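The next block holds one structure in the form of structure tokens; read it before the comments.
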Number of protein chains: 2
Amino acid sequence: MATGTRRAQRRTEALSRERIVEAAVELLDAAGESGLTFRVLTERLATGPGAIYWHVANKGELLVAATDAVVADALAAESAGSPREEVHAVALGLFSAIDAHPWLAAQLLLQLSRSPGGPVTPRILESLGRRVRALGVPEEHWFTATSVLMHYVLGAAGQNAANSQVTEPDADRAEFLAATAEAWEALDPAEYETTRAMAGQMSEHDDREQFLAGIDLVLAGVAALYPGGRA
Amino acid sequence: MATGTRRAQRRTEALSRERIVEAAVELLDAAGESGLTFRVLTERLATGPGAIYWHVANKGELLVAATDAVVADALAAESAGSPREEVHAVALGLFSAIDAHPWLAAQLLLQLSRSPGGPVTPRILESLGRRVRALGVPEEHWFTATSVLMHYVLGAAGQNAANSQVTEPDADRAEFLAATAEAWEALDPAEYETTRAMAGQMSEHDDREQFLAGIDLVLAGVAALYPGGRA
DNA sequence: ACCTGAACACCGTTCAAGT
DNA sequence: ACCTGAACACCGTTCAAGT
């Protein structure tokens with residue numbers, strides 16, 4: 001969220017959809033998805049549930065609005081550079097947003113697959129799609145290239161967010177990464193030979209570097225299939 | 001699930017983790033994620049909640065077990081062909097499973113990002129990773145290439161599943177696809193120019209063809225970055 | 001038009017008690 | 001060892017009533 005006012009709510013200041021969404025984001029940031037409850041939201045805003053339902057249809061709509069607000073903020077920064085650099089910037093913007101709001105990953109993936117007509121999917125699609133155009137991809141293939149990029153960005157960033165949060169309360173990200181790698185290395189060698197080999201790979205590299213390596217793999221595919229563009 | 005027995009439960013036949021998971025999958029298939037409830041599961045299995053908790057720690061574990069069972073089934077089929085053909089086969093296997101069990105997409109994406117140490121992530125990673133190896137990718141890049149593939153497969157298949165289910169009860173997939181395309185085309189032309197242009201793209205093509213086009217984009221990237229492999 | 005707050009139907013989970 | 005079923009704490013949502 002752009003503005004960072006989060007002083008304790010006093011009964012003055014009229015309720016509004018904006019204030020509700022802002023409070024929802026704060027609760028989600030503080031305690032994850034299970035931390036957003038109409039009871040605590042009601043308490044935080046010093047009202048009753050009916051007041052919230054006057055501004056918002058239901059919890060789903062509130063989750064969509066909270067997700068959209070954070071994503072809009074993450075994509076707001078303008079960038080200028082080569083198409084490849086701009087794709088990196090957009091991808092890292094989403095990566096950072098997910099890192100700062102770990103609940104975001106699940107919401108994005110859910111909303112992407114449940115309600116592609118909602119506000120969130122077009123926002124991300126447009127931001128990445130413009131850069132795909134700039135890469136010189138022919139129009140018939142914009143959707144394919146943009147889809148691949150989007151699914152990878154959200155999936156990989158989500159995976160990374162899992163590494164930084166969750167599990168034991170005071171676990172380092174490095175610790176959790178190591179734990180995942182360990183779990184993979186403990187698998188049956190006969191059945192999971194390749195996964196075991198990848199375990200080291202995963203935990204050795206810098207998160208963002210690893211993330212961008214995937215982006216560049218997709219961009220290499222784009223360049224190979226649609227030569228003549230300028231990256 | 002491999003075996004298709006779903007006769008109404010009679011009080012004979014002892015309860016088991018397997019029976020519980022089987023019933024859970026049936027409920028999920030019939031009514032989506034909100035259809036899986038300990039009350040109706042209890043009714044279906046003619047027991048009390050305590051009996052289920054004896055075999056299963058909690059609802060999360062049950063969801064993981066149900067997901068893993070369906071995924072294991074989907075990946076069980078052996079395929080033989082060029083690495084590219086095998087990647088297509090694995091991807092289409094997951095695509096079909098998600099199509100047949102629409103609740104699967106959200107579960108996979110959630111479990112991928114929440115508990116990569118669980119049984120589901122390694123299963124998919126291994127299945128795709130072996131084919132990535134066969135493509136001739138050098139070992140340091142197995143994880144990158146496999147990750148891109150996996151996130152795209154799950155994200156795109158999930159998006160497709162949303163198209164086939166949800167929304168109005170008796171809506172055709174074609175109808176829903178058209179509705180999404182329409183929603184995108186109704187966006188502000190100034191802000192969503194590229195998304196509007198992609199709307200037609202999305203609804204015009206065959207689902208599986210479109211899906212495989214994304215796979216081939218990734219494979220083209222692999223071939224470009226790591227030449228010398230045989231696809 | 002906007003807000004209050006008691007009430008409703010439902011949920012996952014626990015646990016003393018049985019066999 | 002395995003199952004029963006009442007009870008607990010909590011959830012999203014509704015709605016008559018107020019201002």
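Following the order of the structure tokens, chains are lettered A, B, ..., residues in each are numbered from 1, and ligands are numbered from 1.
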Using only C-alpha atoms (C1' of nucleotides), find which residues of chain B lie within 10 Å of chain C and jot them down as a PyMOL selection string. chain B and resi 37-39+49-50+53+58-59
Would you mind listing, as a ChimeraX atom specification, all residues of chain B that have at least one atom within 7 Å of chain A, where only C-alpha atoms are what counts? /B:106,109-110,112-114,116-117,122,125-126,129-130,140,142-145,148,151-152,155-156,158-159,162,180,183-184,192,194-195,198,201-202,213-214,217-218,220-222,224-225
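If you look at CA of Trp103 (chain B) and CA of Val25 (chain B), they are 9.5 Å away from each other.
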Handout entry: Expected answer as a VMD selection string: alpha helix (DSSP H) residues in region 128-196 of chain B
Key = chain B and resid 128 to 134 142 to 164 173 to 185 193 to 196
Excluding Ile52 (chain A) and any residue of its chain fewer than 4 positions from it, enumerate the residues within 8 Å of it, using only C-alpha atoms (C1' of nucleotides), and give them as number ranges by chain.
-> A: 20, 42, 47-48, 56
Atoms kept (N, CA and C atoms) for selection, written as an mmCIF file, in the first residue's frame:
data_model
loop_
_atom_site.group_PDB
_atom_site.id
_atom_site.type_symbol
_atom_site.label_atom_id
_atom_site.label_comp_id
_atom_site.auth_asym_id
_atom_site.auth_seq_id
_atom_site.Cartn_x
_atom_site.Cartn_y
_atom_site.Cartn_z
ATOM 1 N N ILE A 20 -11.505 -0.097 4.987
ATOM 2 C CA ILE A 20 -11.693 -1.521 5.266
ATOM 3 C C ILE A 20 -10.613 -2.346 4.576
ATOM 4 N N THR A 42 -13.742 -6.147 12.554
ATOM 5 C CA THR A 42 -14.798 -5.404 13.233
ATOM 6 C C THR A 42 -14.263 -4.676 14.471
ATOM 7 N N THR A 47 -16.455 -1.244 14.756
ATOM 8 C CA THR A 47 -17.845 -1.276 14.263
ATOM 9 C C THR A 47 -18.437 -2.654 14.448
ATOM 10 N N GLY A 48 -19.539 -2.891 13.793
ATOM 11 C CA GLY A 48 -20.150 -4.215 13.765
ATOM 12 C C GLY A 48 -20.011 -4.803 12.380
ATOM 13 N N VAL A 56 -18.859 -3.855 1.494
ATOM 14 C CA VAL A 56 -18.203 -4.984 0.827
ATOM 15 C C VAL A 56 -19.174 -6.153 0.804
#
Problem - Straight-line distance linking CA of Ala66 (chain B) with CA of Asp207 (chain B), stated in Å to one decimal - result: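 These atoms are spaced 25.9 Å apart.
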